[in-house]
Amino acid sequence: MTDCASIDLKHHFLIAMPGLEDETFARTVVYLCEHSERGAMGLIINKPAEISMRVLFDKVDLPLLRVDLVENAVAQGGPVQTERGFVLHDPVRMDPVTDDNSPIYASTLKVPGGLEMTTSRDVLEALSSGAGPRRVLISLGCSSWGEGQLESELGENTWLTVPASAEVIFEVPMAQRYERALDLLGLKSWMLSPDAGHA
């Protein structure tokens, strides 16, 4: 039997089981950015906020010259720090000015084997000018679990897990991401029992 405490789920999706009826997390897909013995942190990728990127950039007094992004929805990343922006994006290659691997943005978390998540304003400024990472998901708020909390929920069959797919995050419409994440496991939502923890 696998020890849940030893599982590292960074760059994985958490897919809510049908029995999870919590208003915030029902039918969600969470991209896990951090997971350690101290807890976990991730972003819900399939729950739209009420505003588009165009409106968000207006609120932070920046133009948005990336026409590919202006109508994209901002995600509700979770119930924690809901006034804070989290930008999930493709890995940014080395800084062309310094030619080293220093992060281009002031506050970037590199998810091993996966994407990058930036919380500093400079990534918004880059997008504003028409530059920045090619593919981005901007969320307001994040989701977090304390020490042992996620492992406990996994033990109760609250979540399914699968290695994350950048294509699901960036290329699939938000409303279709739950089903597409299940596809990664060869599942359809109708196959899952609504009684989480009672297989």
# chains A, B, ... in the order shown; residues from 1 in each chain; ligands from 1

$ select_by_dssp --residues "stretch 5-180 of chain A" --states "strand (DSSP E)" --output "PyMOL selection string"
chain A and resi 12-16+29-36+39-44+48-52+73-76+80-89+108-110+116-118+136-145+159-163

$ residues_around --residues "A:Gln176" --least-positions-apart "6" --cutoff "12 Å" --atoms "only C-alpha atoms" --output "ChimeraX atom specification"
/A:27-29,45-48,167-170,182-183,189

$ write_last_selection --atoms "C-alpha atoms" --output "compact mmCIF listing (two decimals), in the first residue's frame"
# COMPACT_ATOMS: atom_id res chain seq x y z
CA ARG A 27 -16.44 19.55 -10.41
CA THR A 28 -13.11 21.36 -10.30
CA VAL A 29 -9.68 20.59 -11.69
CA ILE A 45 -8.21 25.92 -13.77
CA ASN A 46 -11.83 25.37 -14.82
CA LYS A 47 -13.90 27.83 -12.80
CA PRO A 48 -14.27 31.24 -14.46
CA GLU A 167 -2.81 21.52 -23.35
CA VAL A 168 -5.82 21.04 -21.06
CA ILE A 169 -4.91 24.23 -19.19
CA PHE A 170 -4.16 26.47 -22.15
CA LEU A 182 -10.87 12.84 -16.81
CA ASP A 183 -10.01 11.76 -20.36
CA SER A 189 -17.87 11.64 -15.44

$ residues_around --residues "A:Asp68" --least-positions-apart "4" --cutoff "10 Å" --atoms "only C-alpha atoms" --output "mmCIF file with N, CA and C atoms, in the first residue's frame"
data_model
loop_
_atom_site.group_PDB
_atom_site.id
_atom_site.type_symbol
_atom_site.label_atom_id
_atom_site.label_comp_id
_atom_site.auth_asym_id
_atom_site.auth_seq_id
_atom_site.Cartn_x
_atom_site.Cartn_y
_atom_site.Cartn_z
ATOM 1 N N LEU A 64 -3.843 46.122 -22.451
ATOM 2 C CA LEU A 64 -3.552 44.728 -22.792
ATOM 3 C C LEU A 64 -3.432 44.644 -24.303
ATOM 4 N N ASN A 72 -10.188 36.292 -22.958
ATOM 5 C CA ASN A 72 -10.064 35.114 -22.091
ATOM 6 C C ASN A 72 -10.615 35.411 -20.707
ATOM 7 N N GLY A 130 2.439 43.482 -24.926
ATOM 8 C CA GLY A 130 2.347 42.614 -26.099
ATOM 9 C C GLY A 130 3.340 41.477 -26.061
ATOM 10 N N ARG A 134 3.965 32.888 -23.828
ATOM 11 C CA ARG A 134 3.034 32.646 -24.937
ATOM 12 C C ARG A 134 1.661 32.218 -24.435
ATOM 13 N N ARG A 135 1.638 31.273 -23.489
ATOM 14 C CA ARG A 135 0.361 30.766 -22.984
ATOM 15 C C ARG A 135 0.256 31.088 -21.492
#

$ residues_around --residues "stretch 75-83 of chain A" --least-positions-apart "2" --cutoff "7 Å" --atoms "only C-alpha atoms" --output "ChimeraX atom specification"
/A:43-49,73,85,138-143

$ closest_residue --among "A:Leu65, A:Leu185, A:Val136, A:Leu192" --to "A:Glu171" --atoms "only C-alpha atoms"
A:Val136

$ residues_around --residues "stretch 9-14 of chain A" --least-positions-apart "2" --cutoff "6 Å" --atoms "only C-alpha atoms" --output "number ranges by chain"
A: 29-35, 114, 159-164

$ write_last_selection --atoms "N, CA and C atoms" --output "PDB file, in the first residue's frame"
ATOM      1  N   VAL A  29     -11.003  21.142 -11.398  1.00  0.00           N
ATOM      2  CA  VAL A  29      -9.681  20.590 -11.685  1.00  0.00           C
ATOM      3  C   VAL A  29      -8.682  21.581 -11.111  1.00  0.00           C
ATOM      4  N   VAL A  30      -7.799  21.089 -10.259  1.00  0.00           N
ATOM      5  CA  VAL A  30      -6.791  21.938  -9.622  1.00  0.00           C
ATOM      6  C   VAL A  30      -5.424  21.548 -10.151  1.00  0.00           C
ATOM      7  N   TYR A  31      -4.660  22.543 -10.601  1.00  0.00           N
ATOM      8  CA  TYR A  31      -3.258  22.301 -10.981  1.00  0.00           C
ATOM      9  C   TYR A  31      -2.409  22.525  -9.737  1.00  0.00           C
ATOM     10  N   LEU A  32      -1.689  21.488  -9.293  1.00  0.00           N
ATOM     11  CA  LEU A  32      -0.871  21.608  -8.088  1.00  0.00           C
ATOM     12  C   LEU A  32       0.499  22.191  -8.405  1.00  0.00           C
ATOM     13  N   CYS A  33       0.775  23.353  -7.817  1.00  0.00           N
ATOM     14  CA  CYS A  33       2.060  24.035  -8.001  1.00  0.00           C
ATOM     15  C   CYS A  33       3.068  23.616  -6.939  1.00  0.00           C
ATOM     16  N   GLU A  34       2.571  23.328  -5.731  1.00  0.00           N
ATOM     17  CA  GLU A  34       3.444  22.937  -4.633  1.00  0.00           C
ATOM     18  C   GLU A  34       2.817  21.767  -3.894  1.00  0.00           C
ATOM     19  N   HIS A  35       3.679  20.848  -3.431  1.00  0.00           N
ATOM     20  CA  HIS A  35       3.213  19.737  -2.599  1.00  0.00           C
ATOM     21  C   HIS A  35       4.414  19.207  -1.831  1.00  0.00           C
ATOM     22  N   GLY A 114       7.157  20.899 -14.894  1.00  0.00           N
ATOM     23  CA  GLY A 114       5.922  21.478 -15.386  1.00  0.00           C
ATOM     24  C   GLY A 114       6.004  22.924 -15.783  1.00  0.00           C
ATOM     25  N   TRP A 159     -10.490  13.140  -4.305  1.00  0.00           N
ATOM     26  CA  TRP A 159      -9.857  13.584  -5.549  1.00  0.00           C
ATOM     27  C   TRP A 159      -9.297  12.405  -6.328  1.00  0.00           C
ATOM     28  N   LEU A 160      -9.327  12.526  -7.641  1.00  0.00           N
ATOM     29  CA  LEU A 160      -8.525  11.690  -8.520  1.00  0.00           C
ATOM     30  C   LEU A 160      -7.279  12.497  -8.878  1.00  0.00           C
ATOM     31  N   THR A 161      -6.186  11.820  -9.159  1.00  0.00           N
ATOM     32  CA  THR A 161      -4.965  12.528  -9.552  1.00  0.00           C
ATOM     33  C   THR A 161      -4.447  11.977 -10.872  1.00  0.00           C
ATOM     34  N   VAL A 162      -3.844  12.869 -11.640  1.00  0.00           N
ATOM     35  CA  VAL A 162      -3.250  12.474 -12.916  1.00  0.00           C
ATOM     36  C   VAL A 162      -2.176  13.508 -13.270  1.00  0.00           C
ATOM     37  N   PRO A 163      -1.069  13.096 -13.897  1.00  0.00           N
ATOM     38  CA  PRO A 163      -0.086  14.089 -14.342  1.00  0.00           C
ATOM     39  C   PRO A 163      -0.771  15.152 -15.204  1.00  0.00           C
ATOM     40  N   ALA A 164      -0.387  16.394 -14.969  1.00  0.00           N
ATOM     41  CA  ALA A 164      -1.056  17.511 -15.633  1.00  0.00           C
ATOM     42  C   ALA A 164      -0.705  17.591 -17.111  1.00  0.00           C
TER      43      ALA A 164
END

$ atom_distance --atom1 "atom CA of A:Met17" --atom2 "atom CA of A:Ile51"
27.1 Å

$ closest_residue --among "A:Arg177, A:Arg93, A:Arg121, A:Lys110" --to "A:Leu62" --atoms "only C-alpha atoms"
A:Arg121

$ select_by_dssp --residues "chain A" --states "helix (DSSP H, G or I)" --output "ChimeraX atom specification"
/A:4-6,53-59,121-128,149-155,166-170,174-183,189-191

$ residues_around --residues "A:Tyr105" --least-positions-apart "2" --cutoff "12 Å" --atoms "only C-alpha atoms" --output "MDAnalysis selection string"
chainID A and resid 87 89 91:95 101:103 107:110 116:127 132:133

$ closest_residue --among "A:Ala40, A:Ile104, A:Leu137, A:Leu20" --to "A:Ile7" --atoms "only C-alpha atoms"
A:Ala40

$ atom_distance --atom1 "atom CA of A:Pro63" --atom2 "atom CA of A:Leu115"
25.2 Å

$ decode --residues "stretch 19-102 of chain A" --atoms "C-alpha atoms" --output "JSON list (two decimals), in the first residue's frame"
[["chain", "number", "residue", "atom", "x", "y", "z"],
["A", 19, "GLY", "CA", -19.32, 13.30, -4.20],
["A", 20, "LEU", "CA", -17.37, 16.49, -3.44],
["A", 21, "GLU", "CA", -20.23, 18.94, -3.04],
["A", 22, "ASP", "CA", -18.26, 21.82, -1.53],
["A", 23, "GLU", "CA", -19.42, 24.93, -3.42],
["A", 24, "THR", "CA", -15.84, 26.02, -4.14],
["A", 25, "PHE", "CA", -14.47, 22.69, -5.31],
["A", 26, "ALA", "CA", -17.38, 20.74, -6.87],
["A", 27, "ARG", "CA", -16.44, 19.55, -10.41],
["A", 28, "THR", "CA", -13.11, 21.36, -10.30],
["A", 29, "VAL", "CA", -9.68, 20.59, -11.69],
["A", 30, "VAL", "CA", -6.79, 21.94, -9.62],
["A", 31, "TYR", "CA", -3.26, 22.30, -10.98],
["A", 32, "LEU", "CA", -0.87, 21.61, -8.09],
["A", 33, "CYS", "CA", 2.06, 24.04, -8.00],
["A", 34, "GLU", "CA", 3.44, 22.94, -4.63],
["A", 35, "HIS", "CA", 3.21, 19.74, -2.60],
["A", 36, "SER", "CA", 5.41, 18.78, 0.32],
["A", 37, "GLU", "CA", 5.13, 17.45, 3.86],
["A", 38, "ARG", "CA", 4.16, 21.00, 4.89],
["A", 39, "GLY", "CA", 1.09, 21.11, 2.65],
["A", 40, "ALA", "CA", 0.02, 21.87, -0.90],
["A", 41, "MET", "CA", -0.97, 24.81, -3.08],
["A", 42, "GLY", "CA", -2.64, 24.92, -6.48],
["A", 43, "LEU", "CA", -4.95, 26.80, -8.82],
["A", 44, "ILE", "CA", -8.43, 25.81, -9.96],
["A", 45, "ILE", "CA", -8.21, 25.92, -13.77],
["A", 46, "ASN", "CA", -11.83, 25.37, -14.82],
["A", 47, "LYS", "CA", -13.90, 27.83, -12.80],
["A", 48, "PRO", "CA", -14.27, 31.24, -14.46],
["A", 49, "ALA", "CA", -14.32, 34.44, -12.45],
["A", 50, "GLU", "CA", -16.79, 37.15, -13.40],
["A", 51, "ILE", "CA", -14.23, 39.19, -15.31],
["A", 52, "SER", "CA", -12.25, 38.92, -18.52],
["A", 53, "MET", "CA", -8.55, 39.63, -18.81],
["A", 54, "ARG", "CA", -9.38, 42.95, -20.48],
["A", 55, "VAL", "CA", -11.33, 44.05, -17.38],
["A", 56, "LEU", "CA", -8.63, 42.77, -15.03],
["A", 57, "PHE", "CA", -5.95, 44.75, -16.83],
["A", 58, "ASP", "CA", -8.17, 47.85, -16.71],
["A", 59, "LYS", "CA", -8.44, 47.37, -12.93],
["A", 60, "VAL", "CA", -4.64, 47.33, -12.54],
["A", 61, "ASP", "CA", -4.25, 50.35, -14.87],
["A", 62, "LEU", "CA", -2.48, 48.49, -17.65],
["A", 63, "PRO", "CA", -3.42, 48.23, -21.32],
["A", 64, "LEU", "CA", -3.55, 44.73, -22.79],
["A", 65, "LEU", "CA", -1.93, 44.58, -26.19],
["A", 66, "ARG", "CA", -2.10, 40.79, -26.47],
["A", 67, "VAL", "CA", -5.16, 40.43, -28.69],
["A", 68, "ASP", "CA", -5.06, 36.65, -28.17],
["A", 69, "LEU", "CA", -5.82, 37.16, -24.48],
["A", 70, "VAL", "CA", -8.26, 40.08, -24.20],
["A", 71, "GLU", "CA", -11.45, 38.00, -24.16],
["A", 72, "ASN", "CA", -10.06, 35.11, -22.09],
["A", 73, "ALA", "CA", -11.77, 34.57, -18.76],
["A", 74, "VAL", "CA", -9.86, 34.98, -15.54],
["A", 75, "ALA", "CA", -10.08, 31.86, -13.36],
["A", 76, "GLN", "CA", -11.25, 31.60, -9.76],
["A", 77, "GLY", "CA", -8.11, 29.91, -8.50],
["A", 78, "GLY", "CA", -9.48, 29.16, -5.06],
["A", 79, "PRO", "CA", -10.75, 30.63, -1.82],
["A", 80, "VAL", "CA", -7.38, 31.85, -0.48],
["A", 81, "GLN", "CA", -5.96, 35.34, -1.26],
["A", 82, "THR", "CA", -8.82, 36.06, -3.66],
["A", 83, "GLU", "CA", -7.64, 39.63, -4.33],
["A", 84, "ARG", "CA", -4.23, 38.41, -5.48],
["A", 85, "GLY", "CA", -3.38, 37.45, -9.04],
["A", 86, "PHE", "CA", -1.60, 34.21, -9.90],
["A", 87, "VAL", "CA", -0.28, 33.79, -13.44],
["A", 88, "LEU", "CA", 0.27, 30.21, -14.59],
["A", 89, "HIS", "CA", 2.36, 30.08, -17.74],
["A", 90, "ASP", "CA", 4.70, 28.11, -19.95],
["A", 91, "PRO", "CA", 8.29, 27.98, -18.69],
["A", 92, "VAL", "CA", 10.17, 31.12, -19.66],
["A", 93, "ARG", "CA", 13.55, 30.42, -21.16],
["A", 94, "MET", "CA", 16.72, 32.09, -20.05],
["A", 95, "ASP", "CA", 16.91, 35.86, -19.83],
["A", 96, "PRO", "CA", 18.18, 37.02, -23.26],
["A", 97, "VAL", "CA", 19.93, 40.02, -21.68],
["A", 98, "THR", "CA", 21.96, 38.20, -19.03],
["A", 99, "ASP", "CA", 22.03, 34.87, -20.89],
["A", 100, "ASP", "CA", 21.57, 32.92, -17.67],
["A", 101, "ASN", "CA", 18.77, 30.96, -16.05],
["A", 102, "SER", "CA", 17.78, 33.66, -13.58]]
